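Q: Dumping the structure here so I can ask a few things about it.
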Amino acid sequence: MPTDGAGVRVARTRHWAVPFSWSFSPLSNPHIAVIGMSGSGKSFFVKTFLTRANVSFGTRALIIDWSGEYVPWVRQSGGMVVRLGPESLNLLDLGGMSPSMRTSQVVDSLRLLTDLKDFPKERQWVRLAVEMAYALGRFSPSQRSSRRAPTLLDVLAWLKLQAKKQNLSERSVVQSAYHLLRPLCLPGADFFARPTSFRLDALLKSGLSCVDLSGLPSESMRSLAGLCIVQFVREAMRARGPCEGRNLDLMVVMDEAWKICQEDGDPVAIVREGRKYAFGLMVASQNPTDLSPVIFSNVGSLFVFRTPFSDSLDYLQRSLRFGPDVRNDLAQLRQGQCAVALQWADHARSDLFFLERVDGEGLLQWIVLEGTGMEWALEKSAVFDGLRADGVGEDRLAVLDSFLNRRNHVVDAAHFAQALQECGLSREAIRQKFKTAGLPDDQVAHAMAGLFALSLPSGKRLAELVLVP
Ligand SMILES: Nc1ncnc2c1ncn2[C@@H]1O[C@H](COP(=O)(O)OP(=O)(O)OP(=O)(O)O)[C@@H](O)[C@H]1O
Ligand SMILES: [Mg+2]
């Protein structure tokens, strides 16, 4: 492992302060797991790592972004962002696969969104309907790129037709299959039933791209979308053929995407095949037990940020067999510090060793305050420095930081005022901060009225109380 400039510079080691740079070549595979509690520095590390891997190895990155937290950074870096919700992803797209292979994946993945797993007879009808949708579109592997892919609407239409044709007992099964799928095709919830509105191949070719799943209305929809993207990546990697010994071409990042990493499915297959095809998988999670044990025990590199929870520590201690001192150190790590364990190509996994704070790229970050019909951008580090000068402690700043991260740094002025109040600032201090930040008087007054409404007991809004006779 290089300890000089070759590879991806990460940080200095705790002992001897040796610069540690990461490279995949001596490791069993290029996959990386990043563990650590909220705010410990996982996403910061991922961004720093991807930036430098691009410089060192020309590695492209595709981020499957659960909560939209990477969007501002990807935009700032000139990457491609696809926001699912406004954009749609046709579940029946082939992504280079044969209709029969895709049919199995579609039926399997529909279990994430419907109760199909509890209805084996309905599942068989859905399988048949998907097969027919491909067949009626006359899809053959040679034609598949030139024809419009069928959609779930075609599947539904075929089931409706069959419901009329079948005898009484079978008809109720077909109708039940129809009703299980129908919610996915209703206007407003039809993200997977509309034709794909973006270029899947462009995602893989762009230097940095991000699929933002936060606009989808449920966890299960996010899981399904993430899973589909991984399936298409896997197919693209197979279609390109093996390139053993070559560079690391693409890193697929799944931050918080633990749901699709639990089962023995496609992410696990990428872990098994990635090295052969020069693809890497980077998974980040707050809890190591959220990841599939296959992924956890096979990744070439494991970065552990602050982990104070005993169930996570028990799991890490069992898997990595370290003593109580290391356990204690993992619980005490400061933001940005981590421990690393590497799996060598020809040896067992290395012992954990500790790194000082990940040495990141200090990008300017903005907080966007939304008023009534207007927006203001505040430079984040200046806001935080100001709060520190006002005596706000690091623990409260960490809560504020995670509040801002969850909202991609775009917040309504009244909610921001409420967050400042929770940092211990008085209403007058908040009013002054807004005025110093350049908000006009009417906007400050509006934000403060909003704060008052938010602070009312039992969640009642001001308007409701005013209306009480
Ligand atoms: N090495 C570092 N150097 C400077 N700032 C850092 C470092 N690591 C983290 N930070 C800052 O700490 C904050 C929290 O970090 P980050 O968003 O990476 O946490 P996280 O582990 O991804 O949390 P979550 O699980 O909630 O997503 C961010 O504002 C980030 O800029
Ligand atoms: Mg994060």
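In the structure tokens, the first chain shown is A, the next is B, and so on; residue numbers restart at 1 for each chain, and ligands run from 1 in the order shown.
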Would you mind listing the residues within 12 Å of ligand 2, counting only C-alpha atoms and all ligand atoms, as number ranges by chain?

A: A: 34-47, 65-70, 253-257, 283-286, 305, 336, 401-406, 408

Q: Write out, as a compact mmCIF listing (two decimals), in the first residue's frame, the residues just selected, with N, CA and C atoms.

A:
# COMPACT_ATOMS: atom_id res chain seq x y z
N VAL A 34 -17.79 1.71 4.34
CA VAL A 34 -17.53 2.84 5.24
C VAL A 34 -18.60 2.81 6.32
N ILE A 35 -18.15 2.69 7.58
CA ILE A 35 -19.07 2.56 8.70
C ILE A 35 -18.87 3.74 9.64
N GLY A 36 -19.93 4.17 10.30
CA GLY A 36 -19.76 5.22 11.31
C GLY A 36 -21.09 5.88 11.62
N MET A 37 -21.20 6.41 12.82
CA MET A 37 -22.47 7.02 13.23
C MET A 37 -22.74 8.29 12.42
N SER A 38 -23.96 8.79 12.53
CA SER A 38 -24.34 10.01 11.79
C SER A 38 -23.42 11.16 12.18
N GLY A 39 -22.92 11.90 11.19
CA GLY A 39 -22.06 13.04 11.44
C GLY A 39 -20.61 12.69 11.66
N SER A 40 -20.25 11.40 11.56
CA SER A 40 -18.87 11.00 11.87
C SER A 40 -17.90 11.32 10.73
N GLY A 41 -18.44 11.57 9.52
CA GLY A 41 -17.55 11.97 8.41
C GLY A 41 -17.54 11.00 7.24
N LYS A 42 -18.53 10.12 7.13
CA LYS A 42 -18.55 9.14 6.03
C LYS A 42 -18.70 9.82 4.67
N SER A 43 -19.70 10.69 4.54
CA SER A 43 -19.95 11.30 3.23
C SER A 43 -18.81 12.23 2.84
N PHE A 44 -18.26 12.92 3.82
CA PHE A 44 -17.12 13.79 3.54
C PHE A 44 -15.97 12.95 2.98
N PHE A 45 -15.74 11.81 3.60
CA PHE A 45 -14.68 10.90 3.13
C PHE A 45 -14.99 10.42 1.71
N VAL A 46 -16.25 10.02 1.47
CA VAL A 46 -16.62 9.50 0.14
C VAL A 46 -16.33 10.56 -0.92
N LYS A 47 -16.73 11.80 -0.66
CA LYS A 47 -16.52 12.87 -1.66
C LYS A 47 -15.02 13.11 -1.89
N ASP A 65 -27.99 7.95 -4.46
CA ASP A 65 -28.08 8.87 -3.33
C ASP A 65 -29.46 8.79 -2.67
N TRP A 66 -29.53 8.16 -1.53
CA TRP A 66 -30.80 7.91 -0.83
C TRP A 66 -31.49 9.20 -0.44
N SER A 67 -30.73 10.15 0.13
CA SER A 67 -31.39 11.32 0.72
C SER A 67 -31.07 12.61 -0.03
N GLY A 68 -30.42 12.50 -1.19
CA GLY A 68 -30.13 13.71 -1.98
C GLY A 68 -28.98 14.53 -1.42
N GLU A 69 -28.20 13.97 -0.49
CA GLU A 69 -27.17 14.79 0.15
C GLU A 69 -25.97 15.06 -0.76
N TYR A 70 -25.80 14.28 -1.82
CA TYR A 70 -24.65 14.51 -2.70
C TYR A 70 -24.95 15.48 -3.84
N VAL A 253 -21.37 4.06 -5.79
CA VAL A 253 -21.45 4.42 -4.37
C VAL A 253 -22.88 4.27 -3.89
N MET A 254 -23.05 3.57 -2.78
CA MET A 254 -24.38 3.47 -2.18
C MET A 254 -24.28 3.90 -0.72
N ASP A 255 -24.62 5.17 -0.49
CA ASP A 255 -24.55 5.70 0.86
C ASP A 255 -25.93 5.53 1.47
N GLU A 256 -26.00 4.86 2.60
CA GLU A 256 -27.27 4.56 3.28
C GLU A 256 -28.14 3.59 2.49
N ALA A 257 -27.60 3.05 1.40
CA ALA A 257 -28.44 2.17 0.58
C ALA A 257 -28.36 0.75 1.09
N VAL A 283 -19.90 1.14 -0.21
CA VAL A 283 -21.14 1.21 0.55
C VAL A 283 -20.88 1.89 1.89
N ALA A 284 -21.76 2.81 2.24
CA ALA A 284 -21.61 3.49 3.52
C ALA A 284 -22.84 3.23 4.35
N SER A 285 -22.64 3.01 5.64
CA SER A 285 -23.78 2.71 6.49
C SER A 285 -23.45 3.10 7.94
N GLN A 286 -24.49 3.47 8.68
CA GLN A 286 -24.22 3.82 10.08
C GLN A 286 -23.95 2.58 10.91
N PHE A 305 -15.47 4.86 10.93
CA PHE A 305 -15.47 6.15 11.60
C PHE A 305 -16.10 5.95 12.99
N GLY A 336 -14.25 12.85 11.38
CA GLY A 336 -13.25 12.81 10.30
C GLY A 336 -12.12 11.83 10.56
N ASP A 401 -25.85 20.79 11.94
CA ASP A 401 -25.23 20.33 10.70
C ASP A 401 -26.02 19.17 10.09
N SER A 402 -26.43 18.24 10.95
CA SER A 402 -27.15 17.10 10.39
C SER A 402 -28.54 17.54 9.90
N PHE A 403 -29.17 18.52 10.59
CA PHE A 403 -30.44 19.10 10.13
C PHE A 403 -30.25 19.69 8.71
N LEU A 404 -29.15 20.42 8.52
CA LEU A 404 -28.92 21.06 7.20
C LEU A 404 -28.59 20.02 6.14
N ASN A 405 -27.78 19.02 6.53
CA ASN A 405 -27.43 17.97 5.56
C ASN A 405 -28.67 17.26 5.05
N ARG A 406 -29.59 16.95 6.00
CA ARG A 406 -30.81 16.22 5.61
C ARG A 406 -31.63 17.02 4.61
N ASN A 408 -30.34 19.09 2.37
CA ASN A 408 -29.45 19.55 1.29
C ASN A 408 -29.14 21.03 1.40

Q: Do a neighbour search on Cys185 in chain A at 10 Å with only C-alpha atoms, toss out local chain neighbours closer than 5 positions, and write the hits as a list in words.

A: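 Neighbouring residues, sequence-local ones excluded: Thr151, Leu152, Leu153, Leu156, Asp190, Phe191, Phe192, Ala193 and Arg194 of chain A.
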
Q: Leaving out range 118-120 of chain A and any residue of its chain fewer than 6 positions from it, which residues lie within 10 Å of it when counting only C-alpha atoms, given as a list in words?

A: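 The contact residues come out as Arg111, Val126, Val173, Ser176, Ala177 and Leu180 of chain A.
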
Q: With only C-alpha atoms counted and 6 Å as the cut-off, give the residues of range 272-371 of chain A in contact with range 11-21 of chain A, each with its shortest interatomic distance in Å and the pair that gives it, as a tab-separated table.

A:
residue	atom	partner	partner_atom	distance
A:Phe354	CA	A:Arg14	CA	5.4
A:Leu355	CA	A:Thr13	CA	4.2
A:Glu356	CA	A:Arg14	CA	5.4
A:Val358	CA	A:Ala11	CA	4.9
A:Asp359	CA	A:Ala11	CA	5.3

Q: Atom 25 (O, counted along the ligand's line) of ligand 1 and CA of Ala382 in chain A are how many Å apart?

A: 23.0 Å

Q: Find the residues around range 418-427 of chain A up to 12 Å (only C-alpha atoms counted), leave out those fewer than 5 positions away in its own chain, and share them as an NGL selection string.

A: :A and (383-384 or 386-388 or 390-404 or 411-413 or 432-434 or 444-445 or 447-456)

Q: Interatomic distance between CA of Gln175 in chain A and CA of Pro187 in chain A?

A: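 One can read the CA of Gln175 in chain A to CA of Pro187 in chain A distance as 20.1 Å.
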
Q: A:Ala225, A:Ala348, A:Ala437, A:Val174: which is nearest Lys121 in chain A, counting only C-alpha atoms?

A: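 Smallest separation from Lys121 in chain A among the options: A:Val174.
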
Q: Given only C-alpha atoms and all ligand atoms as the basis, pick out the residue of A:Gly96, A:Gly360, A:Pro242, A:Gly280 nearest to ligand 1.

A: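 Smallest separation from ligand 1 among the options: A:Gly360.
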
Q: When DSSP works through the backbone of this structure, what residues of range 292-430 of chain A end up as strand (DSSP E), shown as a list in words?

A: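 Assigned to strand (DSSP E), within range 292-430 of chain A: Ser301, Leu302, Phe303, Val304, Cys338, Ala339, Val340, Ala341, Leu342, Phe353, Phe354, Leu355, Trp366, Ile367, Val368, Leu369, Glu370, Glu375, Trp376, Ala377, Leu378, Glu379, Val410, Val411 and Asp412 of chain A.
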
Q: Provide the CA of Phe303 in chain A to CA of Ala339 in chain A distance in Å, to one decimal place.

A: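 Rounded to one decimal, the two atoms are 5.7 Å apart.
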
Q: Any idea what's packed within 9 Å of range 317-321 of chain A, counting only C-alpha atoms, ignoring anything in its chain fewer than 4 positions away? Could you give it as number ranges by chain?

A: A: 297, 312-313, 326-327, 341, 349, 351-352

Q: Of the residues A:Trp73, A:Lys165, A:Leu281, A:Ala53, which is the one nearest to ligand 1, using only C-alpha atoms and all ligand atoms?

A: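 Nearest to ligand 1: A:Trp73.
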
Q: Given only C-alpha atoms as the basis, pick out the residue of A:Leu302, A:Ala239, A:Met282, A:Leu136 nearest to Val340 in chain A.

A: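 Ranked by minimum distance to Val340 in chain A, first place goes to A:Leu302.
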
Q: Which neighbours of Ser56 in chain A fall inside 9 Å, counting only C-alpha atoms, when residues of the same chain fewer than 4 positions from it are skipped, and could you give them as a PyMOL selection string?

A: chain A and resi 6-8+51-52
